[in-house]
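Source file: data01.cif (mmCIF, C-alpha atoms)
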```
data_entry
loop_
_atom_site.label_atom_id
_atom_site.label_comp_id
_atom_site.auth_asym_id
_atom_site.auth_seq_id
_atom_site.Cartn_x
_atom_site.Cartn_y
_atom_site.Cartn_z
CA MET A 209 89.10 95.95 158.82
CA GLY A 210 85.99 94.65 160.56
CA GLY A 211 85.84 97.74 162.75
CA VAL A 212 86.15 99.98 159.69
CA LEU A 213 83.28 98.22 157.93
CA ILE A 214 81.17 98.48 161.07
CA GLY A 215 81.92 102.20 161.15
CA PHE A 216 80.78 102.65 157.55
CA GLY A 217 77.74 100.51 158.32
CA ILE A 218 76.74 102.78 161.20
CA ILE A 219 77.09 105.83 158.97
CA GLY A 220 75.09 104.19 156.19
CA VAL A 221 72.21 103.17 158.47
CA ILE A 222 71.85 106.69 159.90
CA ILE A 223 72.01 108.28 156.43
CA ALA A 224 69.37 105.80 155.26
CA ALA A 225 67.16 106.79 158.19
CA GLY A 226 67.54 110.43 157.16
CA TRP A 227 66.66 109.53 153.59
CA VAL A 228 63.43 107.90 154.81
CA VAL A 229 62.63 110.96 156.93
CA GLY A 230 63.07 113.16 153.85
CA ARG A 231 61.20 110.77 151.57
CA ILE A 232 58.06 110.73 153.74
CA ASP A 233 58.40 114.46 154.42
CA LEU A 234 58.30 113.86 158.18
CA LEU A 235 59.78 117.24 159.13
CA GLY A 236 58.15 119.29 156.40
CA PRO A 237 59.68 121.15 153.45
CA THR A 238 62.12 123.15 155.61
CA GLY A 239 63.16 120.31 157.94
CA HIS A 240 66.51 119.74 156.24
CA GLN A 241 67.41 123.43 156.37
CA VAL A 242 66.49 123.69 160.06
CA LEU A 243 68.59 120.67 161.00
CA SER A 244 71.49 121.97 158.91
CA ARG A 245 71.43 125.33 160.66
CA LEU A 246 71.23 123.67 164.08
CA VAL A 247 74.24 121.50 163.22
CA PHE A 248 76.23 124.38 161.76
CA PHE A 249 75.65 127.01 164.45
CA VAL A 250 75.27 124.94 167.63
CA LEU A 251 76.04 121.21 167.57
CA THR A 252 79.24 121.01 165.51
CA PRO A 253 81.02 123.99 167.15
CA CYS A 254 80.41 122.32 170.54
CA LEU A 255 81.71 118.99 169.21
CA LEU A 256 84.83 120.55 167.70
CA PHE A 257 85.65 122.56 170.81
CA SER A 258 85.09 119.70 173.25
CA THR A 259 87.10 117.30 171.08
CA ILE A 260 90.01 119.53 170.06
CA SER A 261 90.45 121.12 173.49
CA ARG A 262 91.29 117.68 174.92
CA ALA A 263 93.35 116.52 171.93
CA ASP A 264 97.06 115.95 171.59
CA VAL A 265 98.50 119.11 170.02
CA HIS A 266 100.92 117.00 167.97
CA VAL A 267 97.95 115.47 166.13
CA LEU A 268 96.62 118.91 165.20
CA PHE A 269 99.93 120.18 163.79
CA SER A 270 101.49 117.13 162.21
CA ASP A 271 102.59 115.87 158.81
CA LEU A 272 98.94 114.87 158.24
CA LEU A 273 98.09 118.54 157.79
CA VAL A 274 100.90 119.05 155.27
CA VAL A 275 99.98 115.94 153.29
CA SER A 276 96.31 116.97 153.18
CA ALA A 277 97.17 120.49 152.05
CA LEU A 278 99.56 119.30 149.31
CA ALA A 279 97.06 116.74 148.00
CA SER A 280 94.43 119.47 147.78
CA LEU A 281 96.89 121.81 146.05
CA ALA A 282 97.82 119.17 143.47
CA ALA A 283 94.15 118.60 142.59
CA ALA A 284 93.55 122.36 142.40
CA VAL A 285 96.46 122.97 139.99
CA ILE A 286 95.36 120.17 137.65
CA SER A 287 91.77 121.43 137.74
CA VAL A 288 92.72 125.00 136.87
CA VAL A 289 94.82 123.85 133.92
CA LEU A 290 92.07 121.60 132.51
CA LEU A 291 89.10 123.87 133.12
CA ARG A 292 90.65 127.23 132.28
CA PHE A 293 93.10 126.39 129.52
CA VAL A 294 91.69 123.21 127.95
CA LEU A 295 87.91 123.57 128.31
CA ARG A 296 88.08 127.40 128.29
CA ARG A 297 85.74 127.90 131.23
CA SER A 298 85.25 131.32 132.77
CA ALA A 299 87.19 132.31 135.86
CA ALA A 300 84.11 131.85 138.04
CA GLU A 301 83.30 128.43 136.59
CA THR A 302 86.94 127.39 136.92
CA THR A 303 87.01 128.45 140.56
CA MET A 304 83.83 126.53 141.43
CA GLY A 305 84.91 123.46 139.48
CA THR A 306 88.31 123.52 141.14
CA MET A 307 86.76 123.81 144.58
CA GLY A 308 84.61 120.76 143.77
CA GLY A 309 87.72 118.71 143.03
CA ALA A 310 89.91 119.91 145.89
CA TYR A 311 87.69 120.89 148.85
CA VAL A 312 86.70 117.95 151.07
CA ASN A 313 83.54 117.54 153.12
CA ALA A 314 85.29 117.75 156.48
CA ASN A 315 82.05 118.48 158.32
CA ASN A 316 79.02 116.49 157.16
CA ILE A 317 80.98 113.39 156.14
CA GLY A 318 84.43 114.02 157.59
CA LEU A 319 83.29 114.21 161.22
CA PRO A 320 81.29 110.95 161.14
CA VAL A 321 84.09 109.15 159.27
CA ALA A 322 86.68 110.47 161.71
CA THR A 323 84.51 109.49 164.66
CA TYR A 324 83.38 106.02 163.60
CA VAL A 325 86.15 104.91 161.22
CA LEU A 326 89.32 106.71 162.31
CA GLY A 327 88.45 106.66 166.00
CA SER A 328 88.48 110.38 166.81
CA ALA A 329 86.96 113.58 165.43
CA THR A 330 90.31 115.24 166.14
CA PHE A 331 91.79 113.90 162.91
CA VAL A 332 89.53 116.05 160.74
CA ALA A 333 90.25 119.27 162.65
CA PRO A 334 93.50 120.21 160.82
CA VAL A 335 91.81 119.81 157.42
CA LEU A 336 88.83 121.85 158.57
CA LEU A 337 91.07 124.65 159.84
CA TYR A 338 93.17 124.66 156.65
CA GLN A 339 90.12 124.88 154.41
CA LEU A 340 88.44 127.62 156.45
CA LEU A 341 91.58 129.71 156.98
CA VAL A 342 93.33 129.28 153.62
CA ILE A 343 91.10 127.94 150.84
CA THR A 344 87.83 129.70 151.69
CA PRO A 345 89.26 133.26 151.77
CA ILE A 346 90.99 132.65 148.43
CA VAL A 347 87.82 131.29 146.80
CA LEU A 348 85.61 134.10 148.15
CA THR A 349 88.10 136.76 147.11
CA VAL A 350 88.35 135.38 143.57
CA MET A 351 84.57 135.02 143.23
CA ASP A 352 83.90 138.50 144.61
CA THR A 353 86.38 139.89 142.10
CA VAL A 354 85.33 138.04 138.96
CA THR A 355 81.59 138.43 139.61
CA ASN A 356 81.93 142.12 140.50
CA ARG A 357 80.38 141.72 143.93
CA GLY A 358 82.59 144.55 145.12
CA SER A 359 83.56 143.09 148.49
CA SER A 360 86.89 144.24 149.81
CA LEU A 361 89.75 141.87 150.44
CA GLY A 362 89.41 142.54 154.16
CA ARG A 363 85.75 141.52 154.19
CA ALA A 364 86.48 138.39 152.15
CA ILE A 365 89.15 137.35 154.64
CA ALA A 366 87.04 138.28 157.68
CA ARG A 367 83.99 136.31 156.52
CA PRO A 368 85.38 132.83 157.23
CA LEU A 369 86.76 134.07 160.56
CA LEU A 370 83.15 134.51 161.70
CA ASN A 371 82.36 130.90 160.79
CA PRO A 372 81.12 129.10 163.97
CA LEU A 373 83.03 125.94 162.99
CA LEU A 374 86.27 127.90 162.82
CA ILE A 375 85.53 129.69 166.09
CA GLY A 376 84.84 126.42 167.90
CA SER A 377 87.95 124.81 166.42
CA ALA A 378 90.20 127.81 167.11
CA LEU A 379 89.07 128.05 170.74
CA GLY A 380 89.68 124.32 171.12
CA VAL A 381 93.20 124.67 169.70
CA LEU A 382 93.89 127.58 172.07
CA VAL A 383 92.78 125.57 175.09
CA ALA A 384 94.81 122.53 173.97
CA VAL A 385 97.98 124.51 173.27
CA LEU A 386 97.80 126.43 176.55
CA GLU A 387 96.79 123.26 178.42
CA ILE A 388 93.87 125.02 180.07
CA GLU A 389 91.77 122.81 182.35
CA ILE A 390 88.05 123.28 181.64
CA PRO A 391 85.90 122.63 184.76
CA ASP A 392 83.68 119.58 184.40
CA PRO A 393 80.41 121.52 184.95
CA VAL A 394 81.38 123.73 181.99
CA MET A 395 82.54 120.92 179.72
CA GLN A 396 79.66 118.51 180.29
CA PRO A 397 76.97 120.62 178.54
CA LEU A 398 79.33 121.05 175.57
CA LEU A 399 79.93 117.30 175.45
CA LEU A 400 76.19 116.54 175.57
CA VAL A 401 75.29 119.06 172.85
CA GLY A 402 78.30 118.15 170.72
CA GLY A 403 77.42 114.46 171.01
CA ALA A 404 74.29 115.11 168.96
CA ALA A 405 76.24 116.61 166.05
CA VAL A 406 77.27 113.46 164.20
CA PRO A 407 73.90 111.62 164.17
CA VAL A 408 71.95 114.78 163.38
CA VAL A 409 74.27 115.78 160.56
CA LEU A 410 73.97 112.30 159.04
CA ILE A 411 70.18 112.40 159.26
CA SER A 412 70.19 115.86 157.69
CA PHE A 413 72.50 114.67 154.94
CA GLY A 414 70.28 111.66 154.25
CA MET A 415 67.30 113.99 153.96
CA SER A 416 69.16 116.09 151.40
CA LEU A 417 69.67 113.01 149.18
CA SER A 418 65.95 112.33 148.95
CA GLY A 419 64.74 113.16 145.45
CA SER A 420 68.21 114.06 144.14
CA LYS A 421 68.87 112.98 140.55
CA PRO A 422 72.40 113.75 139.38
CA LEU A 423 73.52 114.24 135.77
CA GLN A 424 70.01 114.93 134.48
CA ALA A 425 71.17 118.05 132.65
CA ARG A 426 73.79 117.87 129.87
CA GLU A 427 75.43 121.02 131.22
CA GLY A 428 78.96 120.64 132.50
CA ARG A 429 79.33 116.84 132.38
CA ALA A 430 83.00 117.14 131.47
CA ASP A 431 83.53 119.49 134.42
CA ILE A 432 81.77 117.08 136.76
CA ALA A 433 83.86 114.16 135.50
CA ILE A 434 87.09 116.12 136.02
CA ALA A 435 86.14 117.24 139.54
CA THR A 436 85.01 113.73 140.49
CA ALA A 437 88.22 112.12 139.20
CA LEU A 438 90.36 114.67 141.02
CA LYS A 439 88.44 114.27 144.26
CA LEU A 440 88.13 110.49 144.36
CA VAL A 441 91.28 109.40 142.53
CA VAL A 442 93.97 112.08 142.33
CA MET A 443 93.75 113.41 145.89
CA PRO A 444 93.87 109.99 147.62
CA VAL A 445 96.69 108.79 145.34
CA VAL A 446 98.73 111.96 145.92
CA ALA A 447 98.12 111.69 149.67
CA TRP A 448 99.32 108.07 149.60
CA LEU A 449 102.42 108.87 147.56
CA LEU A 450 103.38 111.80 149.77
CA GLY A 451 102.60 110.00 153.00
CA ALA A 452 104.37 106.77 152.07
CA PHE A 453 107.42 108.01 150.15
CA VAL A 454 108.01 111.64 151.14
CA PHE A 455 106.88 112.05 154.75
CA ASP A 456 107.29 108.39 155.73
CA LEU A 457 104.07 108.31 157.74
CA GLY A 458 103.38 105.37 159.99
CA HIS A 459 100.80 102.78 158.97
CA ASP A 460 97.93 104.32 160.92
CA GLN A 461 98.78 107.89 159.93
CA LEU A 462 98.98 106.92 156.27
CA PHE A 463 95.53 105.36 156.49
CA VAL A 464 94.14 108.54 158.07
CA ALA A 465 95.76 110.77 155.42
CA VAL A 466 94.36 108.79 152.50
CA VAL A 467 90.89 108.56 154.05
CA LEU A 468 90.80 112.32 154.62
CA ALA A 469 91.87 112.92 151.00
CA GLY A 470 89.17 110.53 149.80
CA LEU A 471 86.30 112.40 151.45
CA PRO A 472 83.71 113.74 148.98
CA SER A 473 83.32 117.33 147.84
CA ALA A 474 81.93 119.66 150.48
CA GLN A 475 78.39 121.01 150.49
CA ASN A 476 79.96 124.48 150.69
CA VAL A 477 80.89 124.14 147.02
CA PHE A 478 77.21 124.09 146.10
CA ASN A 479 76.41 126.85 148.60
CA TYR A 480 79.03 129.18 147.10
CA ALA A 481 77.97 128.31 143.54
CA GLN A 482 74.40 129.30 144.40
CA ARG A 483 75.56 132.50 146.07
CA TYR A 484 77.54 133.64 143.03
CA GLN A 485 75.31 131.94 140.42
CA ALA A 486 78.27 130.27 138.76
CA GLY A 487 78.64 126.56 138.02
CA VAL A 488 75.57 125.66 140.08
CA VAL A 489 74.72 122.44 138.21
CA VAL A 490 78.35 121.31 138.19
CA ALA A 491 78.71 121.98 141.92
CA ARG A 492 75.45 120.23 142.83
CA ASP A 493 76.15 117.10 140.81
CA THR A 494 79.82 116.95 141.84
CA VAL A 495 78.85 116.98 145.52
CA LEU A 496 76.28 114.23 145.02
CA VAL A 497 78.38 112.00 142.73
CA THR A 498 81.49 112.22 144.90
CA THR A 499 79.44 111.56 148.02
CA ILE A 500 78.03 108.37 146.55
CA GLY A 501 81.38 107.38 145.03
CA SER A 502 83.34 108.00 148.22
CA VAL A 503 81.66 105.10 150.01
CA PRO A 504 83.17 102.26 147.92
CA LEU A 505 86.40 104.25 147.64
CA LEU A 506 86.85 104.53 151.40
CA VAL A 507 85.96 100.87 151.88
CA LEU A 508 88.64 100.01 149.30
CA VAL A 509 91.16 102.24 151.06
CA ALA A 510 90.35 100.50 154.33
CA ALA A 511 90.80 97.08 152.72
CA LEU A 512 94.18 98.02 151.27
CA LEU A 513 95.68 100.07 154.09
CA LYS A 514 94.03 99.02 157.33
#
```
Show me this structure written as structure tokens.
Amino acid sequence: MGGVLIGFGIIGVIIAAGWVVGRIDLLGPTGHQVLSRLVFFVLTPCLLFSTISRADVHVLFSDLLVVSALASLAAAVISVVLLRFVLRRSAAETTMGTMGGAYVNANNIGLPVATYVLGSATFVAPVLLYQLLVITPIVLTVMDTVTNRGSSLGRAIARPLLNPLLIGSALGVLVAVLEIEIPDPVMQPLLLVGGAAVPVVLISFGMSLSGSKPLQAREGRADIAIATALKLVVMPVVAWLLGAFVFDLGHDQLFVAVVLAGLPSAQNVFNYAQRYQAGVVVARDTVLVTTIGSVPLLVLVAALLK
């Protein structure tokens, strides 16, 4: 438990440093965007490849992946029923709201949590692959269809396949499965660059929180409440029930599964909402509220299960 709290403390201090950087405008108005692009296109792919390529394949394709996927599916089904059939939201708003309640931040928050709290970034890789390969194509296809963007199904499926995070992860899985030995002179630059991913992403995330004021607009408060409850309550509880009583996960694996399910909504939810101009306020506030709320939640999970 002490190690877990220290891990959260490390994350909190670095995020706070990023918040100060953003507050005093140290890197200018585009600093956050530049750091985010650096993390997305360079640092994180190197981290994922260097970590996954040396990982135990059984960790990548284990019951943890199934539990995470089923917890996400349960939240998604409940969200669709409430948003579409109870609140009568449009298909686009329902899709964005559902993504907010069922799509975890496996990158910006998941990687640091996996590194400092769970002990290895490898644990977040299966969730990242599942979301990029399964959830993202479905969401983009639905949004392209209901907003009349006109993209073909093939292009919607191909888009996430060009994602640098997926490419880095997929190459790492390939190397791990085939047990390919990467020469040290080749791996060392990847390790050095990838080592910068977690602190830089936390600083960037802290910068993004500077000046953010959630729930200022009255628009979509019910939607935000539903997505937040699904993300921070339903998904972790479902993951615990499945892990403990269906898949009979060991103590450590159960802790990992519940922590992964308790991660906040991903920044991609807001990015997609902006792209399609649907549910933008709901997506923005859901990401922020769940990010803040996930901290005490994950500490509670650690206290109960660790």
Would you translate the PyMOL selection byres ((chain A and resi 301) around 12) into the concrete set of residues it matches in this file, as a PyMOL selection string?
chain A and resi 287-288+290-292+295-300+302-308+347+350-351+354-355+428+431-432+435+477+480-482+484-491
Expand the PyMOL selection byres ((chain A and resi 250) around 10) into the individual residues it matches in the shown file, reporting them as a ChimeraX atom specification.
/A:244-249,251-255,372-373,376,398,401-402,404-405
A:Leu382, A:Ile218, A:Leu438, A:Leu273 ranked by distance to Phe455 in chain A, top pick (using all atoms listed in the file):
A:Leu273
When you count all atoms listed in the file, which of these residues is closest to Ala263 in chain A: A:Val294, A:Ile388, A:Leu374, A:Ala511?
A:Ile388
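Applied to the file shown here, the PyMOL selection byres ((chain A and resi 336) around 9) selects Val312, Asn313, Ala314, Asn315, Val332, Ala333, Pro334, Val335, Leu337, Tyr338, Gln339, Leu340, Leu341, Leu373, Leu374 and Ser377 of chain A.
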Would you compute, for all listed atoms of range 412-416 of chain A, the axis-aligned bounding box grown by 3 Å on each side, and then report its centre and edge lengths in Å rounded to one decimal, as lines of an AutoDock Vina configuration file?
```
center_x = 69.9
center_y = 113.9
center_z = 154.5
size_x = 11.2
size_y = 10.4
size_z = 12.3
```
Long-range neighbours of Ser412 in chain A as a PyMOL selection string, 6 Å cut-off, all atoms listed in the file, 3 positions minimum in chain
chain A and resi 240+409+415
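CA of Val274 in chain A to CA of Val445 in chain A spans 14.9 Å [interatomic distance, one decimal].
Counting all atoms listed in the file and comparing A:Leu400, A:Ala469, A:Ile411, A:Leu235, the residue that lies closest to Leu278 in chain A is A:Ala469.
Neighbourhood of point (85.0, 102.8, 156.9): residues with an atom at most 10 Å away, counting all atoms listed in the file, are A:Met209, A:Gly210, A:Gly211, A:Val212, A:Leu213, A:Ile214, A:Gly215, A:Phe216, A:Gly217, A:Ile218, A:Ile219, A:Pro320, A:Val321, A:Ala322, A:Tyr324, A:Val325, A:Leu326, A:Val467, A:Val503, A:Pro504, A:Leu505, A:Leu506, A:Val507, A:Leu508, A:Val509, A:Ala510, A:Ala511, A:Lys514.
Closest approach to Phe257 in chain A from the set A:Gln241, A:Thr344, A:Thr330, A:Asn479 is made by A:Thr330, with distances taken over all atoms listed in the file.
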Fill-in result for range 375-401 of chain A, N, CA and C atoms as a compact mmCIF listing (two decimals), in the coordinates of the input:
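What landed in result.txt:
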```txt
# COMPACT_ATOMS: atom_id res chain seq x y z
N ILE A 375 85.44 129.13 164.73
CA ILE A 375 85.53 129.69 166.09
C ILE A 375 85.64 128.56 167.11
N GLY A 376 84.78 127.54 166.98
CA GLY A 376 84.84 126.42 167.90
C GLY A 376 86.17 125.69 167.83
N SER A 377 86.67 125.49 166.59
CA SER A 377 87.95 124.81 166.42
C SER A 377 89.10 125.64 166.98
N ALA A 378 89.11 126.94 166.67
CA ALA A 378 90.20 127.81 167.11
C ALA A 378 90.25 127.90 168.63
N LEU A 379 89.09 128.02 169.28
CA LEU A 379 89.07 128.05 170.74
C LEU A 379 89.57 126.73 171.32
N GLY A 380 89.20 125.63 170.67
CA GLY A 380 89.68 124.32 171.12
C GLY A 380 91.19 124.21 171.01
N VAL A 381 91.74 124.69 169.89
CA VAL A 381 93.20 124.67 169.70
C VAL A 381 93.88 125.51 170.77
N LEU A 382 93.31 126.69 171.05
CA LEU A 382 93.89 127.58 172.07
C LEU A 382 93.93 126.90 173.43
N VAL A 383 92.84 126.25 173.80
CA VAL A 383 92.78 125.57 175.09
C VAL A 383 93.78 124.42 175.13
N ALA A 384 93.89 123.67 174.02
CA ALA A 384 94.81 122.53 173.97
C ALA A 384 96.26 122.98 174.05
N VAL A 385 96.60 124.02 173.29
CA VAL A 385 97.98 124.51 173.27
C VAL A 385 98.40 125.07 174.62
N LEU A 386 97.49 125.82 175.26
CA LEU A 386 97.80 126.43 176.55
C LEU A 386 97.57 125.48 177.72
N GLU A 387 97.06 124.28 177.40
CA GLU A 387 96.79 123.26 178.42
C GLU A 387 95.89 123.79 179.53
N ILE A 388 94.83 124.46 179.12
CA ILE A 388 93.87 125.02 180.07
C ILE A 388 92.92 123.92 180.53
N GLU A 389 92.68 123.80 181.81
CA GLU A 389 91.77 122.81 182.35
C GLU A 389 90.35 123.41 182.40
N ILE A 390 89.44 122.82 181.64
CA ILE A 390 88.05 123.28 181.64
C ILE A 390 87.30 122.55 182.76
N PRO A 391 86.65 123.29 183.68
CA PRO A 391 85.90 122.63 184.76
C PRO A 391 84.84 121.70 184.20
N ASP A 392 84.63 120.59 184.87
CA ASP A 392 83.68 119.58 184.40
C ASP A 392 82.27 120.14 184.23
N PRO A 393 81.75 120.97 185.16
CA PRO A 393 80.41 121.52 184.95
C PRO A 393 80.27 122.37 183.68
N VAL A 394 81.39 122.93 183.23
CA VAL A 394 81.38 123.73 181.99
C VAL A 394 81.48 122.82 180.77
N MET A 395 82.31 121.79 180.86
CA MET A 395 82.54 120.92 179.72
C MET A 395 81.38 119.97 179.45
N GLN A 396 80.71 119.51 180.48
CA GLN A 396 79.66 118.51 180.29
C GLN A 396 78.53 118.97 179.36
N PRO A 397 78.00 120.19 179.50
CA PRO A 397 76.97 120.62 178.54
C PRO A 397 77.48 120.64 177.10
N LEU A 398 78.74 121.03 176.91
CA LEU A 398 79.33 121.05 175.57
C LEU A 398 79.44 119.63 175.01
N LEU A 399 79.81 118.68 175.87
CA LEU A 399 79.93 117.30 175.45
C LEU A 399 78.55 116.73 175.06
N LEU A 400 77.53 117.05 175.84
CA LEU A 400 76.19 116.54 175.57
C LEU A 400 75.65 117.11 174.26
N VAL A 401 75.79 118.43 174.08
CA VAL A 401 75.29 119.06 172.85
C VAL A 401 76.12 118.60 171.66
```
